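Taking it in order: structure first as structure tokens, then the write-up.
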Amino acid sequence: MRYGPIVFLAAFLTLSASWCGFVLTPQIQLGRAVQETNSVVKAELYPQGRPGLARAGLEVYRADGCFYCHSQQVDQKKTLVDVFLTDAGKTPTAVAQALEDAHAGTFSAPGLAAGLPKPVLRNATMESASVLASLLKKAGATAELHLAPAGPDIERGWGARRTVAQDFISDSTVMLGSQRVGPDLANVGARLPDENWQLMHLYAPRSVTKDSPMPSYPFLFERRKTGQHPAPDALQQLPKEFAPPAGYEIVPKPEARALVAYLLSLRSDTPLYEAPLTPPAPPAAATNAPAK
Amino acid sequence: MNSPTNQPVTSAPRDNSGTKDPAVPIWLIVVLFLLVYWGAVYFDEHGGWFDSQVYTPYVSAEQLKTFQVSGGPNPFEEGRAVYAKTCVACHQANGQGAPGTFPPLAGSDWVNEPQPGRMIRIVLQGFSGPGLTIKGQPFNTGSAMVPWNGLSDDDLAAVITFVRGNKEWGNNASPVTPEQVHAIREKVKNHPLSFTPAEIEQISPAD
Amino acid sequence: MNATCTTSSASDAVSTVEIDASCRVPLFTLFVSAAVWLVVASVFGLIASLKFHSPNLLSGCAWLTYGRVHPVATNALLYGFALQAGFGVALWIIARIGQTRVAQPWLIAVGGKLWNFGLLIGILGILGGDSTGFENLEIPSYGVVFLFLGYLLIGFWSLVTLHRRQERALGPSQWFLLAAFFWFPWIYFTANYLLLAHTPIRGVTQAIVDWWYIGNLNLVWFGLVGLAVAFYFIEQLMNRALHSRYLALFTFWTILLFASWSGIPRSAPVPAWIPAMSTVATVLTLVTALSVMVNIYQTCGRGCSQTENPPPGKFIAFGTGAFVIAWLMNSISAIPEVNAVTNFTWYTVAQWQLNVFGFFAMTMFGAIYYIVPRVTGMEWPSAKSVGRHFWLAAIGIILIALPLAIGGLIEGVHWRNPKLTNVDVAKNALNFLRVSTIGEVLILLGNVLLLGNLIGLSVRYYKIHFVPVYKDVTAKLDPAEVKP
């Protein structure tokens, strides 16, 4: 290493290799991503983009550094597959035999048609599930495969599936976080959708979560004298030690409302090609019809 | 302090008359190569080979494909997506079009015919020309319908199924398969783009 | 303490005295500002640390919320102290090894002033809510412009100084510094331009660029400059040559090749190949740590445990040891099974603190304590404070890194148990945090000692060198001496 130019060249080549690898190539692969239809409900384009108030909330999230304690990345260790029998077909004995052959357990042939769709194999790998599905098909039944992502983050309820690049294309300033003092927020809009709870949690975290280490954000709220009628968006149900004195109310400032709108817009549970999952069936719609 | 005759090695090349500069210990090279080998194996197993759609825990594009088990194809919903991307600009989200310019699809005759031949032709090759009247309303000749033969048979079948079967618009005609679209595509291969109303009137719907 | 020996017998040789004198102006700007920012960083770091014990501390003021105090502490430490002190020490080493005067010292000092101005408005911007949202890059764009302009002046004239060296062949310290002076503007400009310019890049590519920058700054840049300084001073203080140039070359290449790809976390929402490459590269940085360990150990031999080690030597020795431990911590935690436990925990914070403060800052302290007396020709006002600073800083960083590393590992195990809520996990980590706060206090005290020493020396220098001149110039003239 006698000459300056050789050292310079070494530095230049290694840095350009790293630049090509982590700056250029991801930009080529991911930089022009657009909304795509999701893999289950093809009519929906994902992601929808954050509505105006939530976009303003992202700026509050950034300015107050929420990402130093909260991450927005859900990880997934594996994808488990359940096999659901949807139609027992015309020969339930053959179906029951196929199930036994595949070590899925013993099912009585007459009882197969009851309670469909019902799971016949749970938490299997894709290989064994596909084998069972094809065996069932040969026996004249129809089966569906349901995907269930699994991992420590998902067990904690932080998300239905792992987060992927598509979840963030409509955000500018993507704040994924690098430390978890508090829970992951990638799917918090699905987990904690109550606006009042979120506002109380920002005003005084220990009022809704005992012993929470989160700092309080009273500067996002205004304490003022209650007028003739309480303000409609004043914080309700604050515990006594956090509530303002009588005659006063706590009203969220626009920043607080924006931040909560942003938090409620944080969802990453849509099935996608790169992160497939079978969403839980929506509950049966309530009707006014008399119960059968 | 700096002794004048003892220049540290950081500043000067070692003179060749002295003892040889110790080399990198062999065990360190061995460790390096072992780690490089481990790294290569690890990347092979977990790297997805640079595919932009493979995220852990999936390890390859082929494996990811096997996990695409969304409950079966749904042409109606796929057609809804195609309509939203392609047709909504002119025919509007409610299928009513614009009076005098873009014909409505909701409740219109050619859409609801039992045989879809006319409609497939219009969508494939485009449509323009004088003399079009739909539900008593005349449509001017100024704006032509663009041919959509660039879309695949699947997409065309999906969007035509969606329009024909959209009960919200009052349409209740049969769905269309990609094979039907393909058959018509072959038939009109040599026809110049853009059918006129007169031509469509002459074609039997069953064709 | 003036150096009276000349270096070579060539007729155009520049004496060490002249070299040191040419360094005076830029080093004064860079070192004093660095020491001020260091104290600022420690104060804000202490406030941030205290907020974990009493979350309601100072929570009424938006400017002092944790999410603003924390980035101020890290940015003041990185850009205020670490980079500035690094520039200053690198410049002095380049001048000394090259046996040439610093080129355009006043322009370098102007660069330093621009840097500090940019940092000041940037820090105030962060406190006011303009943080960019990217870790280690929180300075808003209006501050970045001045930081970059300041660097251009500093970097360009430092490279000119290197170019004007007497001995054309380059030694390990110079390779490392040359690469580092080239590395920083590229990564800084790329990251800030892509993330903060008018149309930033979209989606997770932002996060990837941010992580790329963090890895290159913390591992590559601090590694290159810190090791260059450590190698130089080990040779100076031990008065013997570095054990093996080839090992230094090996270290150089492994830093450039592997550490430049580190930094992407395993769980990131990016295609699998990106974290996989980063994992492999970070594990491979193990060989860098091992090569430095072997080189230094063989150089020092049995002499490392001398009781007569002057304080600068103690700092350098501690810094080198911290380098090896921090890089070992980093590469081991990149192994996927280990990373599943350490990801997102205090362990990564401990590793960062050990690398930036334990390794880089301590090495810079040793260098500053060595350089300033030689450049100014004066002794430190309080020699005892230098020794006290060492013990405060050493014990302080150990009290930060060790509990947080252990606490982080325990926290990681707890996070994998879904029955424990995040409040339980936080409560279990609290005692470790309390110990680390004590460490922050000790570090703050040590930094105040450094600042006091520097200011005291500057005041004394001013009094000795400027006041008499000033008095002389402004004295009343004797009418008899005035020529008509």
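Every chain in the structure tokens takes a letter, A first, then B, and so on in the order presented; its residues are numbered from 1, and the ligands are numbered from 1 following the presented order.
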### Query
Could you list, as a PyMOL selection string, every residue of chain A that has an atom within 10 Å of an atom of chain B, counting only C-alpha atoms?
chain A and resi 1-2+25-26+28-30+37+39-45+75-79+81+126-127+130+144-147+149-151+162-166+271-279
Just C-alpha atoms for this one: save the residues we selected as a PDB file, in the first residue's frame.
ATOM      1  CA  MET A   1       0.000   0.000   0.000  1.00  0.00           C
ATOM      2  CA  ARG A   2       2.554   2.497  -1.101  1.00  0.00           C
ATOM      3  CA  THR A  25     -30.508  -2.190  -5.674  1.00  0.00           C
ATOM      4  CA  PRO A  26     -33.291  -1.745  -3.088  1.00  0.00           C
ATOM      5  CA  ILE A  28     -34.525  -0.519  -8.158  1.00  0.00           C
ATOM      6  CA  GLN A  29     -36.453  -3.344  -6.536  1.00  0.00           C
ATOM      7  CA  LEU A  30     -38.737  -1.418  -4.215  1.00  0.00           C
ATOM      8  CA  THR A  37     -54.451  -5.487  -5.310  1.00  0.00           C
ATOM      9  CA  SER A  39     -54.270 -11.455  -2.784  1.00  0.00           C
ATOM     10  CA  VAL A  40     -57.670 -12.215  -1.279  1.00  0.00           C
ATOM     11  CA  VAL A  41     -60.018  -9.351  -2.020  1.00  0.00           C
ATOM     12  CA  LYS A  42     -58.756  -8.372  -5.398  1.00  0.00           C
ATOM     13  CA  ALA A  43     -60.869  -5.276  -5.676  1.00  0.00           C
ATOM     14  CA  GLU A  44     -59.034  -3.505  -2.899  1.00  0.00           C
ATOM     15  CA  LEU A  45     -55.867  -1.619  -3.608  1.00  0.00           C
ATOM     16  CA  ASP A  75     -41.459 -10.580  12.381  1.00  0.00           C
ATOM     17  CA  GLN A  76     -42.702 -14.021  11.435  1.00  0.00           C
ATOM     18  CA  LYS A  77     -40.957 -17.274  12.188  1.00  0.00           C
ATOM     19  CA  LYS A  78     -43.023 -19.625  10.036  1.00  0.00           C
ATOM     20  CA  THR A  79     -46.404 -20.038   8.396  1.00  0.00           C
ATOM     21  CA  VAL A  81     -51.327 -24.310   7.662  1.00  0.00           C
ATOM     22  CA  MET A 126     -47.431 -26.670   3.824  1.00  0.00           C
ATOM     23  CA  GLU A 127     -46.093 -29.976   2.509  1.00  0.00           C
ATOM     24  CA  SER A 130     -51.036 -30.028   0.500  1.00  0.00           C
ATOM     25  CA  GLU A 144     -59.425 -25.397   1.949  1.00  0.00           C
ATOM     26  CA  LEU A 145     -56.017 -24.483   3.243  1.00  0.00           C
ATOM     27  CA  HIS A 146     -55.929 -21.719   5.818  1.00  0.00           C
ATOM     28  CA  LEU A 147     -52.653 -19.956   6.495  1.00  0.00           C
ATOM     29  CA  PRO A 149     -48.401 -16.950  10.343  1.00  0.00           C
ATOM     30  CA  ALA A 150     -46.639 -17.717  13.596  1.00  0.00           C
ATOM     31  CA  GLY A 151     -43.827 -16.189  15.603  1.00  0.00           C
ATOM     32  CA  ARG A 162     -45.036  -9.927   9.141  1.00  0.00           C
ATOM     33  CA  THR A 163     -44.662  -6.378   7.875  1.00  0.00           C
ATOM     34  CA  VAL A 164     -43.378  -5.999   4.346  1.00  0.00           C
ATOM     35  CA  ALA A 165     -42.213  -3.163   2.143  1.00  0.00           C
ATOM     36  CA  GLN A 166     -45.657  -2.739   0.599  1.00  0.00           C
ATOM     37  CA  PRO A 271     -53.057 -10.528   2.984  1.00  0.00           C
ATOM     38  CA  LEU A 272     -50.493  -9.864   0.271  1.00  0.00           C
ATOM     39  CA  TYR A 273     -48.659 -11.988  -2.234  1.00  0.00           C
ATOM     40  CA  GLU A 274     -45.417 -11.743  -0.288  1.00  0.00           C
ATOM     41  CA  ALA A 275     -47.080 -12.177   3.088  1.00  0.00           C
ATOM     42  CA  PRO A 276     -50.025 -14.511   2.547  1.00  0.00           C
ATOM     43  CA  LEU A 277     -52.462 -15.177   5.296  1.00  0.00           C
ATOM     44  CA  THR A 278     -56.053 -16.214   5.578  1.00  0.00           C
ATOM     45  CA  PRO A 279     -57.910 -13.450   7.339  1.00  0.00           C
TER      46      PRO A 279
END
### Query
Leaving out stretch 93-103 of chain C and any residue of its chain fewer than 4 positions from it, which residues lie within 7 Å of it when counting only C-alpha atoms, given as a PyMOL selection string?
(chain B and resi 11) or (chain C and resi 14+18-19+22-23+89+157+160-162+164-167+174)
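Excluding stretch 93-102 of chain A and any residue on its chain fewer than 5 positions from it, the residues at most 9 Å away by only C-alpha atoms are Ala88, Phe107, Ser108, Ala109, Pro110, Leu112, Val120, Ser128, Val131, Leu132, Leu135, Leu136, Lys137, Lys138, Ala139, Gly140 and Ala141 of chain A.
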What does the file look like for those residues with N, CA and C atoms, as a tab-separated table (two decimals), in the first residue's frame?
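As written to disk, result-v4.tsv reads:
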chain	number	residue	atom	x	y	z
A	88	ALA	N	-67.87	-32.73	2.30
A	88	ALA	CA	-67.47	-34.12	2.52
A	88	ALA	C	-67.64	-34.99	1.29
A	107	PHE	N	-61.73	-39.97	12.10
A	107	PHE	CA	-63.01	-39.28	11.96
A	107	PHE	C	-64.05	-40.31	11.58
A	108	SER	N	-65.21	-40.19	12.17
A	108	SER	CA	-66.26	-41.13	11.81
A	108	SER	C	-66.88	-40.66	10.50
A	109	ALA	N	-67.08	-41.58	9.58
A	109	ALA	CA	-67.55	-41.21	8.25
A	109	ALA	C	-68.90	-40.49	8.26
A	110	PRO	N	-69.91	-40.98	8.99
A	110	PRO	CA	-71.17	-40.23	8.96
A	110	PRO	C	-71.04	-38.85	9.56
A	112	LEU	N	-68.76	-36.79	9.31
A	112	LEU	CA	-67.91	-35.86	8.57
A	112	LEU	C	-68.67	-34.67	8.04
A	120	VAL	N	-59.55	-30.25	9.90
A	120	VAL	CA	-59.17	-31.67	10.06
A	120	VAL	C	-57.69	-31.81	10.33
A	128	SER	N	-47.25	-31.19	4.28
A	128	SER	CA	-48.22	-32.20	4.73
A	128	SER	C	-49.64	-31.73	4.46
A	131	VAL	N	-50.44	-32.36	0.80
A	131	VAL	CA	-50.63	-33.79	0.56
A	131	VAL	C	-52.02	-34.21	1.01
A	132	LEU	N	-52.42	-33.75	2.18
A	132	LEU	CA	-53.75	-34.12	2.68
A	132	LEU	C	-54.84	-33.59	1.77
A	135	LEU	N	-55.15	-35.69	-1.26
A	135	LEU	CA	-55.77	-36.97	-0.93
A	135	LEU	C	-57.28	-36.81	-0.76
A	136	LEU	N	-57.67	-35.71	-0.10
A	136	LEU	CA	-59.11	-35.48	0.09
A	136	LEU	C	-59.79	-35.25	-1.25
A	137	LYS	N	-59.09	-34.53	-2.12
A	137	LYS	CA	-59.69	-34.25	-3.42
A	137	LYS	C	-59.92	-35.55	-4.18
A	138	LYS	N	-58.93	-36.45	-4.09
A	138	LYS	CA	-59.09	-37.74	-4.77
A	138	LYS	C	-60.27	-38.51	-4.21
A	139	ALA	N	-60.50	-38.32	-2.90
A	139	ALA	CA	-61.60	-39.06	-2.29
A	139	ALA	C	-62.94	-38.38	-2.52
A	140	GLY	N	-62.94	-37.27	-3.27
A	140	GLY	CA	-64.20	-36.64	-3.63
A	140	GLY	C	-64.60	-35.49	-2.74
A	141	ALA	N	-63.80	-35.21	-1.72
A	141	ALA	CA	-64.15	-34.08	-0.85
A	141	ALA	C	-63.44	-32.83	-1.33
#### Entry: Proximity to B:Ala198 - best of B:Asp21, B:Pro130, B:Gly100, B:Ile29, only C-alpha atoms
B:Pro130
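The space separating atom CA of A:Lys210 from atom CA of C:Ile438 comes to 26.1 Å.
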Give me every strand (DSSP E) residue in stretch 24-215 of chain A, going by DSSP on the backbone, as a PDB file with C-alpha atoms, in the first residue's frame.
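Listing of states_32.pdb after writing:
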ATOM      1  CA  GLU A  36     -51.300  -3.454  -5.644  1.00  0.00           C
ATOM      2  CA  THR A  37     -54.451  -5.487  -5.310  1.00  0.00           C
ATOM      3  CA  LEU A  45     -55.867  -1.619  -3.608  1.00  0.00           C
ATOM      4  CA  TYR A  46     -53.312  -1.760  -0.819  1.00  0.00           C
ATOM      5  CA  LYS A  78     -43.023 -19.625  10.036  1.00  0.00           C
ATOM      6  CA  THR A  79     -46.404 -20.038   8.396  1.00  0.00           C
ATOM      7  CA  LEU A  80     -48.594 -22.782   9.743  1.00  0.00           C
ATOM      8  CA  VAL A  81     -51.327 -24.310   7.662  1.00  0.00           C
ATOM      9  CA  ASP A  82     -54.712 -25.621   8.727  1.00  0.00           C
ATOM     10  CA  VAL A  83     -56.761 -27.865   6.500  1.00  0.00           C
ATOM     11  CA  PHE A  84     -60.489 -27.182   6.598  1.00  0.00           C
ATOM     12  CA  LEU A  85     -62.915 -29.649   5.135  1.00  0.00           C
ATOM     13  CA  THR A  86     -65.581 -27.708   3.220  1.00  0.00           C
ATOM     14  CA  ASP A  87     -67.473 -30.498   1.508  1.00  0.00           C
ATOM     15  CA  LYS A 118     -64.311 -27.816  10.025  1.00  0.00           C
ATOM     16  CA  PRO A 119     -60.602 -28.226  10.629  1.00  0.00           C
ATOM     17  CA  VAL A 120     -59.174 -31.667  10.056  1.00  0.00           C
ATOM     18  CA  LEU A 121     -55.507 -30.825  10.419  1.00  0.00           C
ATOM     19  CA  ARG A 122     -54.071 -28.013  12.445  1.00  0.00           C
ATOM     20  CA  ASN A 123     -50.729 -26.216  12.520  1.00  0.00           C
ATOM     21  CA  ALA A 124     -49.138 -28.359   9.857  1.00  0.00           C
ATOM     22  CA  THR A 142     -63.097 -30.453  -1.087  1.00  0.00           C
ATOM     23  CA  ALA A 143     -60.789 -28.857   1.396  1.00  0.00           C
ATOM     24  CA  GLU A 144     -59.425 -25.397   1.949  1.00  0.00           C
ATOM     25  CA  LEU A 145     -56.017 -24.483   3.243  1.00  0.00           C
ATOM     26  CA  HIS A 146     -55.929 -21.719   5.818  1.00  0.00           C
ATOM     27  CA  LEU A 147     -52.653 -19.956   6.495  1.00  0.00           C
ATOM     28  CA  ALA A 148     -51.678 -18.828   9.969  1.00  0.00           C
ATOM     29  CA  PRO A 149     -48.401 -16.950  10.343  1.00  0.00           C
ATOM     30  CA  ALA A 150     -46.639 -17.717  13.596  1.00  0.00           C
TER      31      ALA A 150
END
Write out as JSON lines the residues of chain C that have any atom within 6 Å of an atom of chain B, one row each with the nearest atom pair and its distance in Å to one decimal, counting only C-alpha atoms, sorted by chain and then rising number.
{"residue": "C:Thr7", "atom": "CA", "partner": "B:Pro4", "partner_atom": "CA", "distance": 5.2}
{"residue": "C:Ile97", "atom": "CA", "partner": "B:Ser11", "partner_atom": "CA", "distance": 5.4}
{"residue": "C:Gly171", "atom": "CA", "partner": "B:Thr10", "partner_atom": "CA", "distance": 4.3}
{"residue": "C:Pro172", "atom": "CA", "partner": "B:Thr10", "partner_atom": "CA", "distance": 5.3}
{"residue": "C:Ser173", "atom": "CA", "partner": "B:Thr10", "partner_atom": "CA", "distance": 5.6}
{"residue": "C:Ala241", "atom": "CA", "partner": "B:Pro8", "partner_atom": "CA", "distance": 5.2}
{"residue": "C:Ser244", "atom": "CA", "partner": "B:Pro22", "partner_atom": "CA", "distance": 5.3}
{"residue": "C:Tyr246", "atom": "CA", "partner": "B:Ala23", "partner_atom": "CA", "distance": 5.7}
{"residue": "C:Leu247", "atom": "CA", "partner": "B:Val24", "partner_atom": "CA", "distance": 5.2}
{"residue": "C:Pro271", "atom": "CA", "partner": "B:Tyr55", "partner_atom": "CA", "distance": 4.8}
{"residue": "C:Ala272", "atom": "CA", "partner": "B:Tyr55", "partner_atom": "CA", "distance": 4.5}
{"residue": "C:Trp273", "atom": "CA", "partner": "B:Gly47", "partner_atom": "CA", "distance": 4.1}
{"residue": "C:Ala276", "atom": "CA", "partner": "B:Gly47", "partner_atom": "CA", "distance": 5.4}
{"residue": "C:Val280", "atom": "CA", "partner": "B:Gly39", "partner_atom": "CA", "distance": 5.0}
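If you measure from each of A:Arg180, A:Lys240, A:Arg50, A:Arg257 to chain C using only C-alpha atoms, the closest one turns out to be A:Arg180.
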### Message
as a PyMOL selection string, please: every residue in stretch 30-171 of chain B that a backbone DSSP assignment puts in helix (DSSP H, G or I).
### Response
chain B and resi 30-46+48-50+61-66+75-86+88-91+109-112+117-125+153-165+167-169
Dump as a compact mmCIF listing (two decimals), in the first residue's frame, selection limited to C-alpha atoms:
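Written out: selection25.txt:
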# COMPACT_ATOMS: atom_id res chain seq x y z
CA VAL B 30 -8.77 -20.15 8.57
CA VAL B 31 -11.40 -18.41 10.70
CA LEU B 32 -12.05 -15.99 7.86
CA PHE B 33 -12.58 -18.75 5.35
CA LEU B 34 -14.78 -20.73 7.71
CA LEU B 35 -16.95 -17.68 8.26
CA VAL B 36 -17.10 -16.97 4.53
CA TYR B 37 -18.26 -20.54 3.97
CA TRP B 38 -20.86 -20.23 6.71
CA GLY B 39 -21.97 -16.94 5.17
CA ALA B 40 -22.37 -18.47 1.74
CA VAL B 41 -24.46 -21.33 3.09
CA TYR B 42 -26.53 -18.95 5.20
CA PHE B 43 -27.24 -16.67 2.28
CA ASP B 44 -28.13 -19.60 0.09
CA GLU B 45 -30.64 -20.82 2.65
CA HIS B 46 -32.07 -17.52 3.82
CA GLY B 48 -34.13 -15.77 -1.24
CA TRP B 49 -31.59 -15.21 -3.99
CA PHE B 50 -32.26 -11.51 -4.38
CA ALA B 61 -40.01 -17.61 -4.93
CA GLU B 62 -41.19 -21.16 -5.65
CA GLN B 63 -41.96 -21.78 -2.00
CA LEU B 64 -43.82 -18.48 -1.74
CA LYS B 65 -45.95 -19.51 -4.69
CA THR B 66 -47.08 -22.67 -2.93
CA PRO B 75 -63.62 -13.46 -11.47
CA PHE B 76 -66.30 -11.06 -10.36
CA GLU B 77 -64.05 -9.35 -7.82
CA GLU B 78 -61.09 -9.44 -10.17
CA GLY B 79 -63.28 -7.79 -12.74
CA ARG B 80 -64.19 -5.12 -10.24
CA ALA B 81 -60.52 -4.32 -9.83
CA VAL B 82 -59.94 -4.22 -13.59
CA TYR B 83 -62.96 -1.92 -13.98
CA ALA B 84 -61.64 0.37 -11.28
CA LYS B 85 -58.31 0.65 -13.01
CA THR B 86 -59.42 0.78 -16.60
CA VAL B 88 -64.10 3.91 -14.48
CA ALA B 89 -62.61 7.02 -16.08
CA CYS B 90 -65.22 7.09 -18.82
CA HIS B 91 -68.07 4.86 -17.73
CA ASP B 109 -79.12 -3.77 -23.92
CA TRP B 110 -75.89 -4.89 -25.44
CA VAL B 111 -74.48 -5.55 -21.98
CA ASN B 112 -77.41 -7.65 -20.91
CA GLY B 117 -70.52 -11.70 -28.49
CA ARG B 118 -71.27 -8.05 -29.21
CA MET B 119 -69.94 -6.83 -25.92
CA ILE B 120 -66.74 -8.78 -26.21
CA ARG B 121 -66.12 -7.35 -29.65
CA ILE B 122 -66.64 -3.80 -28.44
CA VAL B 123 -64.27 -4.20 -25.54
CA LEU B 124 -61.64 -5.96 -27.65
CA GLN B 125 -61.54 -3.76 -30.67
CA ASP B 153 -58.18 -12.93 -21.86
CA ASP B 154 -58.48 -13.47 -18.11
CA ASP B 155 -58.72 -9.76 -17.35
CA LEU B 156 -61.21 -9.13 -20.17
CA ALA B 157 -63.38 -12.06 -19.13
CA ALA B 158 -63.25 -10.82 -15.53
CA VAL B 159 -64.27 -7.25 -16.27
CA ILE B 160 -67.02 -8.29 -18.69
CA THR B 161 -68.32 -10.77 -16.09
CA PHE B 162 -68.31 -7.97 -13.53
CA VAL B 163 -70.22 -5.52 -15.74
CA ARG B 164 -72.73 -8.12 -16.95
CA GLY B 165 -73.38 -9.50 -13.48
CA LYS B 167 -76.73 -6.42 -9.76
CA GLU B 168 -76.22 -3.02 -8.19
CA TRP B 169 -76.43 -1.55 -11.66
### Message
Report as a VMD selection string all protein, DNA and RNA residues lying within 8 Å of A:Glu255, evaluated on only C-alpha atoms, omitting residues in the same chain fewer than 4 positions from it.
### Response
chain A and resid 56 to 57 60 220 259
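Proximity to B:Pro103 at 9 Å, evaluated using only C-alpha atoms and with sequence-adjacent residues fewer than 6 positions away removed, yields B:Cys90, B:His91, B:Gly95, B:Gln96, B:Gly97, B:Thr133, B:Ile134, B:Gln137, B:Pro138, B:Phe139.
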Writer output for current selection, C-alpha atoms, as a PDB file, in the first residue's frame:
ATOM      1  CA  CYS B  90     -65.221   7.088 -18.822  1.00  0.00           C
ATOM      2  CA  HIS B  91     -68.068   4.858 -17.731  1.00  0.00           C
ATOM      3  CA  GLY B  95     -71.740   2.568 -14.636  1.00  0.00           C
ATOM      4  CA  GLN B  96     -73.823   5.526 -15.828  1.00  0.00           C
ATOM      5  CA  GLY B  97     -71.235   7.067 -18.098  1.00  0.00           C
ATOM      6  CA  THR B 133     -78.602   5.169 -29.392  1.00  0.00           C
ATOM      7  CA  ILE B 134     -78.782   3.566 -25.985  1.00  0.00           C
ATOM      8  CA  GLN B 137     -80.323   8.585 -25.699  1.00  0.00           C
ATOM      9  CA  PRO B 138     -78.103   9.407 -28.639  1.00  0.00           C
ATOM     10  CA  PHE B 139     -74.357   9.373 -28.212  1.00  0.00           C
TER      11      PHE B 139
END
### Query
Looking at only C-alpha atoms, which of A:Leu176, A:Leu116, A:Ala54, A:Leu238 is the one that sits closest to chain C?
A:Leu176
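Atom to atom, atom CA of A:Val251 and atom CA of A:His201 stand 13.5 Å apart.
Rounded to one decimal, atom CA of C:Leu195 and atom CA of A:Asp171 lie 12.5 Å from each other.
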#### Entry: Exercise: C:His243 partners within 7 Å, only C-alpha atoms, chain neighbours under 6 positions left out, as a count of residues only
3
#### Entry: Which of C:Val110, C:Met238, C:Leu409, C:Leu83 sits closest to C:Ala180 [using only C-alpha atoms]
C:Leu83
